[in-house]
Each structure stands twice: as C-alpha cells, then as structure tokens.
$ cat model_38.cif   # mmCIF, C-alpha atoms
data_my_file
#
loop_
_atom_site.label_atom_id
_atom_site.label_comp_id
_atom_site.auth_asym_id
_atom_site.auth_seq_id
_atom_site.Cartn_x
_atom_site.Cartn_y
_atom_site.Cartn_z
CA MET A 1 70.95 110.71 39.29
CA ARG A 2 70.72 107.42 41.20
CA ASN A 3 73.35 105.83 38.96
CA ILE A 4 75.75 108.72 39.60
CA THR A 5 75.25 108.38 43.37
CA VAL A 6 75.90 104.63 43.28
CA ALA A 7 79.01 105.13 41.16
CA LEU A 8 80.31 107.82 43.51
CA CYS A 9 79.78 105.61 46.57
CA CYS A 10 81.58 102.72 44.90
CA GLY A 11 84.45 105.02 44.03
CA LEU A 12 84.74 106.22 47.61
CA PHE A 13 84.58 102.64 48.85
CA MET A 14 87.35 101.53 46.52
CA THR A 15 89.45 104.54 47.53
CA GLY A 16 89.15 103.58 51.20
CA CYS A 17 90.39 100.06 50.42
CA SER A 18 93.92 101.10 49.50
CA SER A 19 96.52 98.91 51.18
CA PHE A 20 98.77 100.01 54.02
CA THR A 21 101.76 99.90 51.65
CA GLU A 22 100.04 102.19 49.13
CA ARG A 23 99.29 104.74 51.84
CA ASN A 24 103.05 105.09 52.42
CA GLN A 25 103.88 105.75 48.75
CA SER A 26 103.56 108.77 46.52
CA THR A 27 100.64 108.75 44.06
CA GLY A 28 101.05 108.47 40.31
CA SER A 29 103.55 106.48 38.28
CA PHE A 30 107.19 105.77 39.06
CA ASP A 31 108.38 106.23 35.47
CA TYR A 32 110.97 108.67 36.68
CA VAL A 33 113.15 105.82 37.94
CA ALA A 34 113.74 104.74 34.32
CA GLU A 35 114.74 108.20 33.09
CA GLN A 36 118.23 108.68 31.73
CA GLU A 37 120.46 111.50 32.83
CA ALA A 38 120.21 114.42 30.41
CA LYS A 39 123.26 115.16 28.29
CA ALA A 40 124.83 118.59 28.17
CA LEU A 41 123.79 120.76 25.22
CA THR A 42 126.19 121.00 22.32
CA LEU A 43 126.37 124.58 21.13
CA PRO A 44 127.14 125.55 17.52
CA ALA A 45 130.36 127.43 16.88
CA GLY A 46 130.20 131.11 17.72
CA TYR A 47 127.57 130.72 20.46
CA SER A 48 128.36 131.11 24.15
CA ALA A 49 126.69 129.02 26.81
CA ILE A 50 123.92 130.55 28.94
CA GLU A 51 124.80 130.82 32.60
CA LEU A 52 122.74 128.16 34.33
CA SER A 53 121.38 128.28 37.88
CA ASN A 54 121.88 125.32 40.19
CA GLN A 55 118.97 126.38 42.39
CA TYR A 56 116.88 123.39 41.33
CA SER A 57 119.66 120.84 41.01
CA ILE A 58 119.07 117.55 42.80
CA PRO A 59 121.66 117.14 45.58
CA VAL A 60 124.27 114.41 45.25
CA LEU A 61 123.26 111.23 47.08
CA ALA A 62 125.21 110.77 50.30
CA THR A 63 127.45 107.71 50.52
CA THR A 64 125.53 106.53 53.60
CA ALA A 65 122.15 106.69 51.83
CA ASN A 66 120.37 103.55 50.65
CA SER A 67 120.31 103.92 46.85
CA ALA A 68 117.74 101.13 46.55
CA LEU A 69 115.00 103.22 48.17
CA VAL A 70 113.34 104.55 45.02
CA GLY A 71 109.86 104.32 43.54
CA HIS A 72 107.43 102.14 45.50
CA LYS A 73 110.20 101.22 47.98
CA LEU A 74 110.46 104.81 49.21
CA ASP A 75 108.39 105.63 52.30
CA ILE A 76 107.23 109.25 51.96
CA ARG A 77 105.54 109.59 55.36
CA ALA A 78 106.60 112.54 57.48
CA PRO A 79 108.64 111.79 60.63
CA ALA A 80 106.61 111.17 63.78
CA LEU A 81 106.85 113.95 66.37
CA ALA A 82 106.73 113.71 70.14
CA MET A 83 103.89 115.78 71.63
CA ALA A 84 104.84 117.37 74.95
CA VAL A 85 101.29 117.34 76.34
CA ALA A 86 102.24 116.08 79.80
CA PRO A 87 102.77 118.58 82.65
CA GLU A 88 106.32 119.97 82.93
CA SER A 89 107.41 118.19 79.71
CA LEU A 90 109.54 119.70 76.94
CA ILE A 91 110.56 118.58 73.44
CA SER A 92 114.10 117.18 73.33
CA GLN A 93 116.60 118.38 70.72
CA ASN A 94 118.42 115.02 70.79
CA ARG A 95 118.17 113.42 67.34
CA GLN A 96 120.02 110.26 68.34
CA GLN A 97 117.17 108.80 70.40
CA THR A 98 113.46 109.19 70.98
CA GLU A 99 113.04 111.05 74.27
CA ILE A 100 111.17 113.74 76.18
CA VAL A 101 112.50 116.17 78.78
CA PHE A 102 110.86 116.81 82.15
CA GLU A 103 111.56 119.70 84.52
CA SER A 104 110.73 120.01 88.21
CA PHE A 105 111.71 121.84 91.40
CA LYS A 106 111.82 118.57 93.35
CA ASN A 107 115.10 117.21 94.67
CA VAL A 108 116.86 114.40 92.77
CA THR A 109 115.44 111.57 94.88
CA GLU A 110 111.82 112.77 94.74
CA PHE A 111 112.06 113.65 91.05
CA ARG A 112 113.44 110.21 90.13
CA ALA A 113 110.87 108.37 92.28
CA ASP A 114 107.98 110.37 90.80
CA LEU A 115 108.97 109.75 87.16
CA TRP A 116 109.77 106.09 87.80
CA LYS A 117 106.33 105.63 89.38
CA LYS A 118 104.73 107.22 86.30
CA ILE A 119 106.65 104.96 83.89
CA THR A 120 105.85 101.74 85.79
CA GLY A 121 102.26 102.92 86.25
CA PHE A 122 101.86 103.42 82.49
CA VAL A 123 103.30 99.96 81.72
CA ASP A 124 100.98 98.45 84.34
CA VAL A 125 97.85 100.24 83.08
CA GLN A 126 98.59 99.10 79.51
CA THR A 127 99.15 95.53 80.86
CA TYR A 128 102.45 95.31 78.97
CA GLY A 129 104.29 93.73 81.90
CA ILE A 130 107.99 94.11 82.76
CA SER A 131 110.64 91.72 81.43
CA MET A 132 113.79 93.37 82.83
CA SER A 133 114.22 96.28 85.20
CA ARG A 134 116.86 98.38 86.92
CA GLU A 135 114.99 100.18 89.69
CA GLY A 136 114.70 103.90 89.00
CA SER A 137 116.76 103.66 85.80
CA SER A 138 115.38 101.42 83.01
CA LEU A 139 112.84 98.76 82.23
CA THR A 140 112.04 96.57 79.24
CA THR A 141 108.49 95.43 78.60
CA ARG A 142 107.50 91.86 77.97
CA ASN A 143 106.48 90.91 74.43
CA ILE A 144 103.56 93.12 73.43
CA GLU A 145 101.39 90.94 71.23
CA SER A 146 99.30 92.71 68.57
CA ASP A 147 98.75 95.90 70.56
CA PRO A 148 95.41 97.33 69.24
CA PHE A 149 96.69 100.92 69.30
CA PHE A 150 99.72 100.20 67.10
CA MET A 151 97.85 97.73 64.88
CA GLN A 152 95.31 100.41 64.02
CA ILE A 153 97.58 103.41 63.44
CA PHE A 154 100.06 101.41 61.36
CA GLY A 155 97.43 99.60 59.30
CA LEU A 156 98.42 96.10 60.45
CA GLU A 157 94.90 94.82 61.10
CA GLU A 158 95.50 91.54 59.24
CA GLN A 159 98.96 90.83 60.68
CA THR A 160 100.30 89.86 64.08
CA LEU A 161 102.68 92.33 65.65
CA THR A 162 105.12 91.47 68.45
CA GLN A 163 107.23 94.22 70.04
CA GLN A 164 109.34 95.02 73.09
CA TYR A 165 110.16 98.53 74.29
CA GLN A 166 112.78 99.85 76.67
CA PHE A 167 112.20 102.93 78.85
CA GLU A 168 115.33 104.73 80.07
CA LEU A 169 115.22 107.36 82.84
CA ASN A 170 118.15 109.74 83.36
CA VAL A 171 117.95 112.47 86.00
CA ALA A 172 120.54 115.28 86.01
CA PRO A 173 122.87 115.17 89.08
CA GLN A 174 121.53 118.48 90.38
CA GLY A 175 117.93 117.39 89.78
CA HIS A 176 115.30 119.67 88.21
CA ARG A 177 115.77 118.09 84.75
CA ALA A 178 115.33 114.51 83.48
CA ASN A 179 115.10 112.63 80.18
CA VAL A 180 112.78 109.71 79.48
CA ALA A 181 113.84 107.80 76.35
CA VAL A 182 111.93 105.03 74.55
CA LYS A 183 113.66 102.42 72.39
CA LEU A 184 112.11 99.65 70.26
CA VAL A 185 114.27 96.59 71.02
CA LYS A 186 112.23 93.90 69.25
CA HIS A 187 109.90 94.00 66.23
CA GLN A 188 108.23 91.02 64.60
CA GLN A 189 105.46 90.76 62.04
CA GLN A 190 103.77 87.40 61.44
CA GLY A 191 106.32 85.88 63.83
CA GLN A 192 109.28 86.99 61.73
CA ASP A 193 111.98 89.45 62.87
CA ILE A 194 111.76 92.57 60.70
CA GLU A 195 114.71 94.93 60.38
CA LEU A 196 113.32 98.45 60.37
CA ASN A 197 115.06 101.50 58.95
CA GLN A 198 115.79 104.34 61.35
CA PHE A 199 112.70 106.31 60.30
CA ALA A 200 110.27 103.39 60.78
CA GLN A 201 111.83 102.54 64.15
CA ARG A 202 111.65 106.17 65.26
CA ARG A 203 108.02 106.26 64.22
CA TYR A 204 107.09 103.30 66.45
CA GLU A 205 109.12 104.69 69.36
CA THR A 206 107.47 108.10 69.05
CA ARG A 207 104.01 106.57 69.05
CA MET A 208 104.85 104.71 72.28
CA LEU A 209 106.31 107.88 73.84
CA ASN A 210 103.19 109.85 72.89
CA ALA A 211 101.00 107.14 74.43
CA PHE A 212 102.98 107.56 77.68
CA LEU A 213 102.63 111.36 77.57
CA SER A 214 98.88 111.11 76.92
CA HIS A 215 98.63 108.82 79.95
CA LEU A 216 100.34 111.47 82.11
CA GLN A 217 98.08 114.19 80.76
CA SER A 218 95.03 112.07 81.64
CA LEU A 219 96.37 111.56 85.18
CA GLU A 220 96.86 115.32 85.54
CA GLN A 221 93.27 116.03 84.51
CA THR A 222 91.99 113.39 86.95
CA ASP A 223 94.07 114.91 89.78
CA LYS A 224 92.74 118.39 88.98
CA VAL A 225 89.13 117.22 89.19
CA ALA A 226 89.85 115.42 92.48
CA THR A 227 91.58 118.51 93.90
CA ILE A 228 88.66 120.75 92.94
CA VAL A 229 86.25 118.36 94.62
CA LYS A 230 88.39 118.40 97.77
CA ALA A 231 88.47 122.22 97.65
CA LYS A 232 84.69 122.52 97.93
CA PRO A 233 84.10 121.64 101.63
CA ALA A 234 84.15 124.34 104.30
CA VAL A 235 87.55 124.94 105.92
CA ALA A 236 88.38 126.37 109.34
CA MET A 237 90.88 129.26 109.65
CA GLU A 238 92.58 131.17 112.47
CA LEU A 239 95.23 133.86 112.95
CA GLY A 240 98.84 132.80 113.46
CA PHE A 241 102.36 133.41 112.19
CA ASP A 242 104.36 132.33 109.13
CA ASP A 243 108.04 131.23 109.14
CA GLU A 244 109.19 134.87 109.17
CA GLN A 245 106.97 135.71 112.14
CA ASN A 246 104.58 137.78 110.03
CA VAL A 247 100.92 137.60 111.04
CA ALA A 248 99.29 135.05 108.73
CA TYR A 249 96.14 133.00 108.35
CA ILE A 250 96.49 129.35 109.42
CA ILE A 251 94.14 127.30 107.25
CA LYS A 252 93.22 123.83 108.49
CA SER A 253 93.56 122.17 105.11
CA PRO A 254 96.52 120.73 103.10
CA PHE A 255 98.21 122.82 100.42
CA GLU A 256 96.63 121.27 97.28
CA PRO A 257 92.93 121.76 98.08
CA THR A 258 93.63 125.13 99.70
CA TRP A 259 95.49 126.30 96.58
CA GLU A 260 92.47 125.45 94.41
CA LYS A 261 89.98 126.90 96.91
CA LEU A 262 91.83 130.23 96.76
CA ALA A 263 91.09 130.43 93.02
CA VAL A 264 87.39 130.55 93.93
CA ILE A 265 87.59 132.62 97.12
CA LEU A 266 89.94 135.45 96.13
CA PRO A 267 87.76 137.04 93.39
CA LYS A 268 84.79 137.03 95.77
CA LEU A 269 86.87 139.00 98.28
CA GLY A 270 87.89 141.58 95.65
CA PHE A 271 91.28 140.09 94.68
CA MET A 272 91.28 139.82 90.88
CA ILE A 273 93.74 137.09 89.87
CA LYS A 274 96.24 138.21 87.21
CA ASP A 275 98.61 135.25 87.41
CA ARG A 276 99.58 132.38 89.69
CA ASP A 277 102.68 130.22 90.14
CA LYS A 278 102.15 127.00 92.04
CA THR A 279 105.90 126.32 92.36
CA LEU A 280 106.21 129.61 94.26
CA GLY A 281 102.88 129.13 96.03
CA THR A 282 101.87 132.64 94.95
CA TYR A 283 98.78 134.30 93.48
CA PHE A 284 99.49 137.67 91.82
CA VAL A 285 96.38 139.81 92.25
CA ASN A 286 94.91 143.30 91.97
CA PHE A 287 92.62 144.31 94.80
CA GLU A 288 89.48 146.20 93.78
CA GLN A 289 87.16 147.54 96.48
CA GLN A 290 83.75 145.87 96.35
CA ASN A 291 80.54 147.83 96.66
CA PRO A 292 77.98 146.71 99.27
CA ASN A 293 74.97 144.76 98.01
CA TYR A 294 72.26 147.28 98.83
CA LEU A 295 69.44 144.88 97.97
CA ALA A 296 70.82 142.35 100.45
CA VAL A 297 71.09 145.09 103.09
CA LEU A 298 67.53 146.29 102.35
CA PHE A 299 66.03 142.84 102.73
CA LYS A 300 68.33 141.98 105.64
CA VAL A 301 69.94 139.07 103.82
CA LYS A 302 73.02 137.88 105.67
CA GLN A 303 76.14 138.41 103.59
CA ILE A 304 79.88 138.36 104.09
CA MET A 305 81.10 141.91 104.67
CA PRO A 306 83.63 143.20 102.12
CA ILE A 307 87.19 143.75 103.28
CA TYR A 308 88.68 147.23 103.26
CA LEU A 309 92.12 147.51 101.73
CA ALA A 310 93.95 150.01 99.54
CA GLU A 311 93.41 149.19 95.88
CA GLY A 312 96.48 147.98 94.00
CA LYS A 313 98.75 145.00 93.44
CA TYR A 314 99.25 142.27 96.07
CA GLN A 315 100.74 138.81 96.37
CA ILE A 316 98.88 136.04 98.16
CA LYS A 317 101.52 133.57 99.35
CA LEU A 318 100.58 130.06 100.46
CA GLN A 319 102.99 127.74 102.28
CA GLU A 320 102.61 124.08 103.15
CA SER A 321 102.77 123.22 106.84
CA GLY A 322 101.98 119.54 107.28
CA ALA A 323 98.23 119.04 107.18
CA ARG A 324 97.74 122.83 107.28
CA SER A 325 98.49 125.79 105.03
CA VAL A 326 99.83 129.23 105.92
CA LEU A 327 98.58 132.27 103.99
CA THR A 328 100.44 135.60 103.98
CA ILE A 329 99.49 138.76 102.06
CA ILE A 330 102.29 140.92 100.61
CA ASP A 331 101.71 144.50 99.41
CA ASN A 332 103.24 146.21 96.35
CA THR A 333 106.33 147.26 98.36
CA GLY A 334 107.15 143.63 99.19
CA GLU A 335 106.11 143.95 102.84
CA ALA A 336 103.65 141.68 104.65
CA LEU A 337 100.44 143.38 105.76
CA THR A 338 100.44 144.66 109.33
CA ALA A 339 98.99 142.62 112.20
CA ASP A 340 96.15 145.16 112.60
CA LYS A 341 95.14 144.95 108.93
CA MET A 342 95.29 141.12 108.91
CA ALA A 343 93.17 140.98 112.09
CA GLN A 344 90.69 143.47 110.62
CA MET A 345 90.17 141.34 107.49
CA SER A 346 90.22 137.96 109.24
CA LYS A 347 86.48 137.76 109.94
CA SER A 348 85.49 138.23 106.30
CA ILE A 349 88.17 135.84 105.02
CA LYS A 350 87.36 133.28 107.70
CA GLU A 351 83.68 133.34 106.78
CA ARG A 352 84.55 132.90 103.09
CA PHE A 353 86.70 129.82 103.88
CA ALA A 354 83.90 128.50 106.08
CA LYS A 355 81.47 128.52 103.15
CA LYS A 356 81.22 125.45 100.96
CA ALA A 357 82.50 126.29 97.45
CA GLU A 358 79.72 126.96 94.98
#

$ encode --input "model_38.cif" --output "structure tokens"
Amino acid sequence: MRNITVALCCGLFMTGCSSFTERNQSTGSFDYVAEQEAKALTLPAGYSAIELSNQYSIPVLATTANSALVGHKLDIRAPALAMAVAPESLISQNRQQTEIVFESFKNVTEFRADLWKKITGFVDVQTYGISMSREGSSLTTRNIESDPFFMQIFGLEEQTLTQQYQFELNVAPQGHRANVAVKLVKHQQQGQDIELNQFAQRRYETRMLNAFLSHLQSLEQTDKVATIVKAKPAVAMELGFDDEQNVAYIIKSPFEPTWEKLAVILPKLGFMIKDRDKTLGTYFVNFEQQNPNYLAVLFKVKQIMPIYLAEGKYQIKLQESGARSVLTIIDNTGEALTADKMAQMSKSIKERFAKKAE
C-alpha cells in the first residue's frame, strides 16, 4: 500500500511539472499533421455513389490564416474575457481592441475627470509609473519589469518580462458613456522583443484590463464600508421645504451617509424596502403598520412611537443640498404627503435619525 502511495505522489508531482509551453498545447500525439488527404472512392460499374453529408467537413483555411500553426505550434487556450466587475461597467462588443464600457449620469467634464482619476490611481497603486500622457485622454506606462501578477498567470517564473501598456479614455460627446481601452505596446522576454499573435496580445491586454476593473471593485467596496461607518452616528433633523415647496425633512448630513442610514432606518419605521435607485435618489417602499411593543409599554421602557400612515406603496425621495439632505415622501398617486401628515410623523422620524445606528 505504501509503494502505491509513493508512486501516486510521484506521478502527481511529475504531472505538476509540465512546462508552460505544454500547458498551451493539446494532449496526445500530433500524428495527424502527417496524414495524407483521403482519396475519393472508386465505385465499380453499375453502382451509384452514396449521397455524402458535409456536416463534418473541415472548413477551408482562410487565406489570412497562418498555415504554420499546427501541432505543438498551435495554442489551444481559450480567449481571455474582460470581467465587468467594476461599478457601472459593461462588456464592449468591439472586437478590434480590448476595452470596457462605463455608463454614468454625470456630465462630460465630471465623467471624464472621474475615470481619468481612476486610471491614474490604478497605475500609481501598481507603481507602474507614467511614461507619456495626454491629460484626460491617454497614458502609457513606463517599462513594467517582471510584474509578479503576469509572471505567475502566464507561467514565466524563470524568465524576465518587460512590458508597456497604453490606456485610452474616450467619453461620448453627450457624456453618460465612455470607453477605456488597453493596448500592449511593448513586449520583451529575456530582453528580446517578441512579436505576439493577436490572440496572445489580446490575452495580456485583457489581463491588464481585468486588473484595473478589480482595482475599481475594491475601491467601491472600501467606499461602501466607509459610508456605512459614516451613517452610524446620530443625525439632527428638522422640518422644511424641498425645491417644489413641499414640506420635507431637512437632514443635517450629506447625501451619501444619509442614503445609507435610510436603509437601516426605514424598515424600523415600517417602510419595507422593495427597491432603491441611487441615481434617482429614491427608495421604493411598502408601508406596513407596526404593532406597539406591549412588553415595553408594560415595563415602561422608552421606545420610539410608531408612525401612523395608510398602508401601501410610497417613494422616499432624497435630494442633495450642500452639506444637508432633503427627504420628501410621495404616496401611490405621485403626490407629496400633506404638511399635517409630515408634521405628525416628524417626531418619530426625528428620534430615529437621532439614534446611533445599531
């Protein structure tokens, strides 16, 4: 039994030692490259040929294809795919270059500045450095020497790798949509320039693009945690008016932390969240009347009194107003709640905002 175990471990060890080149090739022999084309059958007199199907025929090689890429020279790896994991990112249908699409409701200037800051921030965090730059449009990194990430995923542990990448930013004239493209402009292995085929080049470019998108996703998660932390402290609130002169709640806190604090507060007030759209600043809720806590009443435990409102669908709209936020409640007919109803509920809502988030 011991001998079998040792043999199995040795086999697994030897399997794991396959070279990088072998991992890109199909398994088995390449005897097929020496096969001769089959000749057509010669039928005896009096016999008719069977109708043949071309369903499994090998397509004719295109004139632009490299006929030398056969056997061990043929790279069988699947194409690398961009992963749109970053906020507001979409997969591009452009096959001519490696790019990702971003969408936003910001104006052109803000949108461009935000994406440019993210690109330069990524290059800075990775310590790639900038060789050439056109502000807000494109940048080329300095020589990236033996980047550990690329060395590992491409199996180049025993070779030096020198690369340069170009990031191109194009924002649509009307804003709201932008493309970020990545291009590999220099590739050397062991100090020698290597000419890559389009698939190998696309693979490197996609890996770099995915590294950028992962960076943005990480930033988003960090911002969310920071916003939730900011949403915990108690916040003061008072009655006022929104831009349309409807009675509203003026919350003495910026939009971002107030938006996150609402996610915690609303269910405790009886507003069950069904959906929310941050670009519209709106929570879509169903109000369900809460029953009093009779045990708390019995033992005279101080509690926030429930609000009294007709059950049904409502919209909680939040607007930014400098360092403050303005909250308006819209009923299922599209009308803002009356001044009397807003004043009646203000004490309970004010007390809920005044509590530190649990």

$ atom_distance --input "model_38.cif" --atom1 "CA of His72 (chain A)" --atom2 "CA of Gln163 (chain A)"
25.8 Å

$ resolve_selection --input "model_38.cif" --expression "the PyMOL selection byres ((chain A and resi 118-120) around 9)" --output "MDAnalysis selection string"
chainID A and resid 113:117 121:125 130 139 167 169 180 212 215:216

$ resolve_selection --input "model_38.cif" --expression "the PyMOL selection byres ((chain A and resi 179) around 10)" --output "list in words"
Ser89, Leu90, Ser92, Thr98, Glu99, Ile100, Val101, Phe102, Glu103, Leu115, Glu168, Leu169, Asn170, Val171, Ala172, Arg177, Ala178, Val180, Ala181 and Val182 of chain A

$ atom_distance --input "model_38.cif" --atom1 "CA of Phe287 (chain A)" --atom2 "CA of Gln315 (chain A)"
9.9 Å

$ residues_around --input "model_38.cif" --residues "Met237 (chain A)" --least-positions-apart "4" --cutoff "8 Å" --atoms "only C-alpha atoms" --output "JSON, numbers by chain"
{"A": [249, 250, 251, 252, 350, 353, 354]}

$ atom_distance --input "model_38.cif" --atom1 "CA of Lys274 (chain A)" --atom2 "CA of Ile91 (chain A)"
27.9 Å

$ axis_aligned_box --input "model_38.cif" --around "region 167-185 of chain A" --padding-each-side "4 Å" --output "AutoDock Vina command-line options"
--center_x 117.4 --center_y 108.1 --center_z 80.3 --size_x 18.9 --size_y 31.1 --size_z 28.1

$ closest_residue --input "model_38.cif" --among "A:Val108, A:Gln166, A:Glu51, A:Thr63" --to "Met132 (chain A)" --atoms "only C-alpha atoms"
A:Gln166

$ resolve_selection --input "model_38.cif" --expression "the PyMOL selection byres ((chain A and resi 202-205) around 7)" --output "VMD selection string"
chain A and resid 79 to 80 98 182 to 184 198 to 201 206 to 209

$ build_atoms --input "model_38.cif" --residues "region 163-195 of chain A" --atoms "N, CA and C atoms" --output "mmCIF file, in the frame of the given file"
data_model
loop_
_atom_site.group_PDB
_atom_site.id
_atom_site.type_symbol
_atom_site.label_atom_id
_atom_site.label_comp_id
_atom_site.auth_asym_id
_atom_site.auth_seq_id
_atom_site.Cartn_x
_atom_site.Cartn_y
_atom_site.Cartn_z
ATOM 1 N N GLN A 163 106.219 93.193 69.782
ATOM 2 C CA GLN A 163 107.230 94.220 70.040
ATOM 3 C C GLN A 163 107.658 94.210 71.500
ATOM 4 N N GLN A 164 108.851 94.728 71.743
ATOM 5 C CA GLN A 164 109.340 95.020 73.090
ATOM 6 C C GLN A 164 109.922 96.429 73.083
ATOM 7 N N TYR A 165 109.648 97.169 74.165
ATOM 8 C CA TYR A 165 110.160 98.530 74.290
ATOM 9 C C TYR A 165 110.967 98.678 75.569
ATOM 10 N N GLN A 166 111.962 99.546 75.504
ATOM 11 C CA GLN A 166 112.780 99.850 76.670
ATOM 12 C C GLN A 166 112.595 101.315 77.040
ATOM 13 N N PHE A 167 112.312 101.560 78.318
ATOM 14 C CA PHE A 167 112.200 102.930 78.850
ATOM 15 C C PHE A 167 113.455 103.224 79.659
ATOM 16 N N GLU A 168 114.125 104.319 79.342
ATOM 17 C CA GLU A 168 115.330 104.730 80.070
ATOM 18 C C GLU A 168 115.059 106.067 80.762
ATOM 19 N N LEU A 169 115.387 106.132 82.058
ATOM 20 C CA LEU A 169 115.220 107.360 82.840
ATOM 21 C C LEU A 169 116.572 107.865 83.302
ATOM 22 N N ASN A 170 116.894 109.107 82.942
ATOM 23 C CA ASN A 170 118.150 109.740 83.360
ATOM 24 C C ASN A 170 117.833 111.084 83.994
ATOM 25 N N VAL A 171 118.178 111.223 85.267
ATOM 26 C CA VAL A 171 117.950 112.470 86.000
ATOM 27 C C VAL A 171 119.285 113.186 86.171
ATOM 28 N N ALA A 172 119.313 114.489 85.876
ATOM 29 C CA ALA A 172 120.540 115.280 86.010
ATOM 30 C C ALA A 172 121.008 115.250 87.468
ATOM 31 N N PRO A 173 122.331 115.262 87.707
ATOM 32 C CA PRO A 173 122.870 115.170 89.080
ATOM 33 C C PRO A 173 122.299 116.213 90.031
ATOM 34 N N GLN A 174 122.056 117.423 89.519
ATOM 35 C CA GLN A 174 121.530 118.480 90.380
ATOM 36 C C GLN A 174 120.011 118.442 90.473
ATOM 37 N N GLY A 175 119.390 117.465 89.772
ATOM 38 C CA GLY A 175 117.930 117.390 89.780
ATOM 39 C C GLY A 175 117.326 118.401 88.832
ATOM 40 N N HIS A 176 116.043 118.668 88.960
ATOM 41 C CA HIS A 176 115.300 119.670 88.210
ATOM 42 C C HIS A 176 115.096 119.327 86.732
ATOM 43 N N ARG A 177 115.891 118.415 86.165
ATOM 44 C CA ARG A 177 115.770 118.090 84.750
ATOM 45 C C ARG A 177 116.030 116.597 84.533
ATOM 46 N N ALA A 178 115.188 115.957 83.729
ATOM 47 C CA ALA A 178 115.330 114.510 83.480
ATOM 48 C C ALA A 178 114.892 114.186 82.054
ATOM 49 N N ASN A 179 115.465 113.106 81.510
ATOM 50 C CA ASN A 179 115.100 112.630 80.180
ATOM 51 C C ASN A 179 114.468 111.240 80.311
ATOM 52 N N VAL A 180 113.373 111.034 79.593
ATOM 53 C CA VAL A 180 112.780 109.710 79.480
ATOM 54 C C VAL A 180 112.857 109.306 78.011
ATOM 55 N N ALA A 181 113.640 108.264 77.727
ATOM 56 C CA ALA A 181 113.840 107.800 76.350
ATOM 57 C C ALA A 181 113.114 106.479 76.142
ATOM 58 N N VAL A 182 112.615 106.271 74.927
ATOM 59 C CA VAL A 182 111.930 105.030 74.550
ATOM 60 C C VAL A 182 112.663 104.416 73.369
ATOM 61 N N LYS A 183 112.955 103.110 73.469
ATOM 62 C CA LYS A 183 113.660 102.420 72.390
ATOM 63 C C LYS A 183 112.931 101.122 72.039
ATOM 64 N N LEU A 184 112.712 100.891 70.742
ATOM 65 C CA LEU A 184 112.110 99.650 70.260
ATOM 66 C C LEU A 184 113.230 98.607 70.147
ATOM 67 N N VAL A 185 113.186 97.575 70.982
ATOM 68 C CA VAL A 185 114.270 96.590 71.020
ATOM 69 C C VAL A 185 113.915 95.291 70.311
ATOM 70 N N LYS A 186 112.636 95.112 69.978
ATOM 71 C CA LYS A 186 112.230 93.900 69.250
ATOM 72 C C LYS A 186 111.012 94.221 68.394
ATOM 73 N N HIS A 187 111.036 93.753 67.136
ATOM 74 C CA HIS A 187 109.900 94.000 66.230
ATOM 75 C C HIS A 187 109.727 92.789 65.329
ATOM 76 N N GLN A 188 108.563 92.167 65.437
ATOM 77 C CA GLN A 188 108.230 91.020 64.600
ATOM 78 C C GLN A 188 106.863 91.228 63.962
ATOM 79 N N GLN A 189 106.743 90.801 62.718
ATOM 80 C CA GLN A 189 105.460 90.760 62.040
ATOM 81 C C GLN A 189 105.250 89.351 61.513
ATOM 82 N N GLN A 190 104.077 88.785 61.812
ATOM 83 C CA GLN A 190 103.770 87.400 61.440
ATOM 84 C C GLN A 190 104.809 86.435 61.994
ATOM 85 N N GLY A 191 105.360 86.755 63.192
ATOM 86 C CA GLY A 191 106.320 85.880 63.830
ATOM 87 C C GLY A 191 107.728 85.959 63.291
ATOM 88 N N GLN A 192 107.964 86.855 62.337
ATOM 89 C CA GLN A 192 109.280 86.990 61.730
ATOM 90 C C GLN A 192 109.935 88.300 62.177
ATOM 91 N N ASP A 193 111.239 88.233 62.522
ATOM 92 C CA ASP A 193 111.980 89.450 62.870
ATOM 93 C C ASP A 193 112.077 90.349 61.643
ATOM 94 N N ILE A 194 111.706 91.603 61.797
ATOM 95 C CA ILE A 194 111.760 92.570 60.700
ATOM 96 C C ILE A 194 112.783 93.642 61.054
ATOM 97 N N GLU A 195 113.719 93.875 60.161
ATOM 98 C CA GLU A 195 114.710 94.930 60.380
ATOM 99 C C GLU A 195 114.139 96.232 59.842
#
